[in-house]
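Down below is the structure, laid out as structure tokens.
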Amino acid sequence: MSATAVHSLWTTATTAADPIAKIDAPKIEYGQLSPVLIVIGAAIIGILVEAFVPRRSRYHAQMFVSAVALVAAFAAVVALAARGYGTTKAGITAMGAVAVDGPALFLQGTILLTSLVGLFTFAERRLDPEAHGNRVDSFAAQAAAVPGSESEQKAVKAGFTTTEVFPLLLFAVVGMLVFPAANDLLTLFVALEVFSLPLYLLCALARRKRLMSQEAAVKYFLLGAFASAFTLFGIALLYGYAGSMSYGTIAQVVDGTVQNVTPALADTMGNDALLLVGSALIVMGLLFKVGAVPFHMWTPDVYQGAPTPVTGFMAAATKVAAFGALLRILYVVLPGLRWDWRPVMWGVAIVTMLAGAIVAITQTDIKRLLAYSSIAHAGFILAGVIATTPEGISSVLFYLAAYSFVTIGAFAVVTLVRDAGGEATHLSKWAGLGRRSPLVAAVFAVFLLAFAGIPLTSGFSGKFAVFKAAAEGGAAPLVVVGVISSAIAAFFYIRVIVLMFFSEPRPEGPTVAVPSPLTMTAIGVGVAVTVVLGVAPQYFLDLAGQAGVFVR
Amino acid sequence: MNPVNYLYLAALLFTIGATGVLIRRNAIVVFMCVELMLNACNLAFVAFSRLHGNLDGQIIAFFTMVVAAAEVVVGLAIIVSLFRSRHSASVDDASLMKL
């Protein structure tokens, strides 16, 4: 048999009578997607830098590429917002896959700025003592080398550093930018994985305490993969219910306003189990990412084990992205179901606020303490999510912006307090820090006060906005619980401040490393945003207010 | 054959996977159970795709496969590095941070 004859067994030749229908090229709005495209382009350049640039100049090349990309992407977001894509020209781009609207642009801007600050803490090379004359950062010399082995010593002696963290950071940022803007369930899932996978790797890359870091990565990875499998099954069920992936269509099917109902759709539309179980599983996956109780178990371990710059970045940016996606799911896809999800979210918010605040009291490690505090904050933000009003959206946006800078600044301060074994994270070692280095302790006190929500800090403005929206949205009991758990939380924040300023420093206590301008900038930006959003929040509240409308 | 039966099978496979994640102690086996869950999702996608007569579900199945492949790369890298430093892939042994 000739080759053509064999080939014809499974192909048919096109004849003039039967031309293949012309495939329409998809229409992509490159301009409106430019923030994402810039960052993903830079991440790919970062990989090429790893491949082709000599080892000694990689750090500077990567640093330059990443910083330029993040700044350029932020400029693109600002330009889009200035041209009205956040308000009047908001629309759905990329054939229905990505929404460009107020909340998306606001959150993308927040994520990009947070990532830029996070990048500075990633690039810090003056905190660890020089290893064999080479400046080193917080990341393992060679991640593949077994901790304590000869190959690790060789890698350290050779002055290796893991410069791959920069492209990994950028890839995570790409996923985070798309996640709150995703307008169909497939984009949601892919974005979820795109930002999760680099974070799993980043968690495993600590230079000190490598066993703990690897353990954190395994826990985060297994639990994260478990949670995303649930999300995917939820997506499958919701797709089965609505016969479509697009948020708009699903919302129409949920409301019962959908046009052209096929017999199959009429059949599945009647099946509420598909809808309820499907949306519950998707929301569960998102609650896992924001670290809400009862899906919070990974948070303390991962926050403690991961390298501190990664913890700061993850705590700030992941929360922003995941809350953005949660808002869009609940407000765009499932508003017709709000009488079903609101009671559940009430319960989750109450348990999250109380559990986060109460368990944090017993913590003795500063990173674990901040992890539980982040759980409590997830609860406060959920209170704003429950409001189901435009004020609910804008208050959550404002809270996320305020919270992310406080978090990243606080973790940057944690990297400074060190002893012989690296960062001194045990709380007892922080005793008397205020007497030895008043400036660092004062800065950390500012962040703690902002976490606690003391007036004249961004934490107060954020909490006030969220609780006001929740109260007006008919969730007054939730506000009462929120205020009570804020009071509980204030106790342990104040306790740390008292420990720093009013107890005797220990003779063998930790030292405060003098950072390079990079970390100083990160902390400075954190303090500046905290104070500005606390003293004069009105401009930013207005900005969040204008941004608070989803496109559908 | 009624496509709904495939959905029951998908739910069953998903449950087996989820149970495996919860009760198995070896990180690799836990990870395999997660993969089983993802494949159960794929089966559900394809069955729904057939049910509705559109191709969305089949396209997603391809995306899921790619994502699962990427997850294997990252996951095995992490689990192998844990195994090499501890000579054990048990998720119970990894408890440095337990309170």
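Going through the structure tokens in order, the chains are called A, B, and so on, while each chain numbers its residues from 1 and the ligands are numbered from 1 in the order shown.
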
Find the nearest atom pair between each residue of chain B and chain A for residues within 6 Å, count only C-alpha atoms, give distances in Å to one decimal, sort rows by chain and ascending number, and present the table as a tab-separated table.
```
residue	atom	partner	partner_atom	distance
B:Val34	CA	A:Phe226	CA	5.9
B:Leu38	CA	A:Ala229	CA	5.6
B:Cys41	CA	A:Phe233	CA	5.2
B:Phe45	CA	A:Ala236	CA	5.4
B:Phe48	CA	A:Gly240	CA	5.2
B:His52	CA	A:Ala264	CA	5.6
B:Leu82	CA	A:Gln214	CA	6.0
B:Ser85	CA	A:Val146	CA	5.4
B:Ala94	CA	A:Glu215	CA	5.9
```

Output file for the residues above (N, CA and C atoms, as an mmCIF file, in the first residue's frame):
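Saved result, part.cif, follows:
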```
data_model
loop_
_atom_site.group_PDB
_atom_site.id
_atom_site.type_symbol
_atom_site.label_atom_id
_atom_site.label_comp_id
_atom_site.auth_asym_id
_atom_site.auth_seq_id
_atom_site.Cartn_x
_atom_site.Cartn_y
_atom_site.Cartn_z
ATOM 1 N N VAL B 34 -4.128 12.989 44.166
ATOM 2 C CA VAL B 34 -4.555 14.287 43.635
ATOM 3 C C VAL B 34 -4.713 14.194 42.122
ATOM 4 N N LEU B 38 -7.889 14.954 39.615
ATOM 5 C CA LEU B 38 -7.902 15.789 38.406
ATOM 6 C C LEU B 38 -8.460 15.002 37.223
ATOM 7 N N CYS B 41 -12.091 14.813 37.314
ATOM 8 C CA CYS B 41 -12.665 16.063 36.798
ATOM 9 C C CYS B 41 -12.713 16.029 35.276
ATOM 10 N N PHE B 45 -15.826 16.570 32.839
ATOM 11 C CA PHE B 45 -15.860 17.588 31.782
ATOM 12 C C PHE B 45 -16.299 16.976 30.461
ATOM 13 N N PHE B 48 -19.991 15.959 30.493
ATOM 14 C CA PHE B 48 -20.876 17.124 30.371
ATOM 15 C C PHE B 48 -20.818 17.705 28.967
ATOM 16 N N HIS B 52 -24.104 18.300 26.762
ATOM 17 C CA HIS B 52 -24.554 19.593 26.253
ATOM 18 C C HIS B 52 -24.326 19.748 24.766
ATOM 19 N N LEU B 82 12.606 16.903 49.264
ATOM 20 C CA LEU B 82 12.302 16.540 50.660
ATOM 21 C C LEU B 82 12.832 15.146 50.961
ATOM 22 N N SER B 85 16.657 15.001 51.453
ATOM 23 C CA SER B 85 17.221 15.512 52.695
ATOM 24 C C SER B 85 16.741 14.748 53.918
ATOM 25 N N ALA B 94 7.281 14.867 58.268
ATOM 26 C CA ALA B 94 7.537 16.292 58.063
ATOM 27 C C ALA B 94 6.734 17.083 59.077
#
```

Notebook entry, point to check: Leaving out region 402-417 of chain A and any residue of its chain fewer than 4 positions from it, which residues lie within 7 Å of it when counting only C-alpha atoms, given as a PyMOL selection string?
Noted result: chain A and resi 114+118+121+127+308-309+312-313+315-317+398+423-424+444+447+458-459+462+510-513+519+522-523+526+529-530+533

Tell me which protein, DNA and RNA residues are within 7 Å of region 1-13 of chain B, counting only C-alpha atoms, leaving out same-chain ones fewer than 5 positions away, and put them as a PDB file with C-alpha atoms, in the first residue's frame.
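See selection.pdb below for the written result:
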```pdb
ATOM      1  CA  LEU B  36      -6.694  10.833  40.184  1.00  0.00           C
ATOM      2  CA  MET B  37      -8.966  13.633  41.347  1.00  0.00           C
ATOM      3  CA  ALA B  40     -11.995  12.395  37.547  1.00  0.00           C
ATOM      4  CA  CYS B  41     -12.665  16.063  36.798  1.00  0.00           C
ATOM      5  CA  LEU B  43     -14.079  12.599  32.891  1.00  0.00           C
ATOM      6  CA  ALA B  44     -16.821  14.846  34.239  1.00  0.00           C
ATOM      7  CA  ALA B  47     -19.269  13.701  29.941  1.00  0.00           C
ATOM      8  CA  LEU B  51     -24.387  15.970  27.381  1.00  0.00           C
TER       9      LEU B  51
END
```

Margin query: Using only C-alpha atoms for the distances, tell me which of B:Ser88, B:Asn39, B:Ser95, B:Thr15 is nearest to Ala69 (chain B).
Written below: B:Asn39

Item checked: Interatomic distance, CA of Ala73 (chain A) to CA of Ile44 (chain A) (Å, one decimal) ->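 Distance reported for this atom pair: 14.9 Å.
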
Check: Hey, what does DSSP flag as helix (DSSP H, G or I) within region 185-418 of chain A? Can you give it to me as a PyMOL selection string?
Finding: chain A and resi 185-203+210-242+247-255+263-269+272-290+298-305+308-333+335-361+366-386+390-414
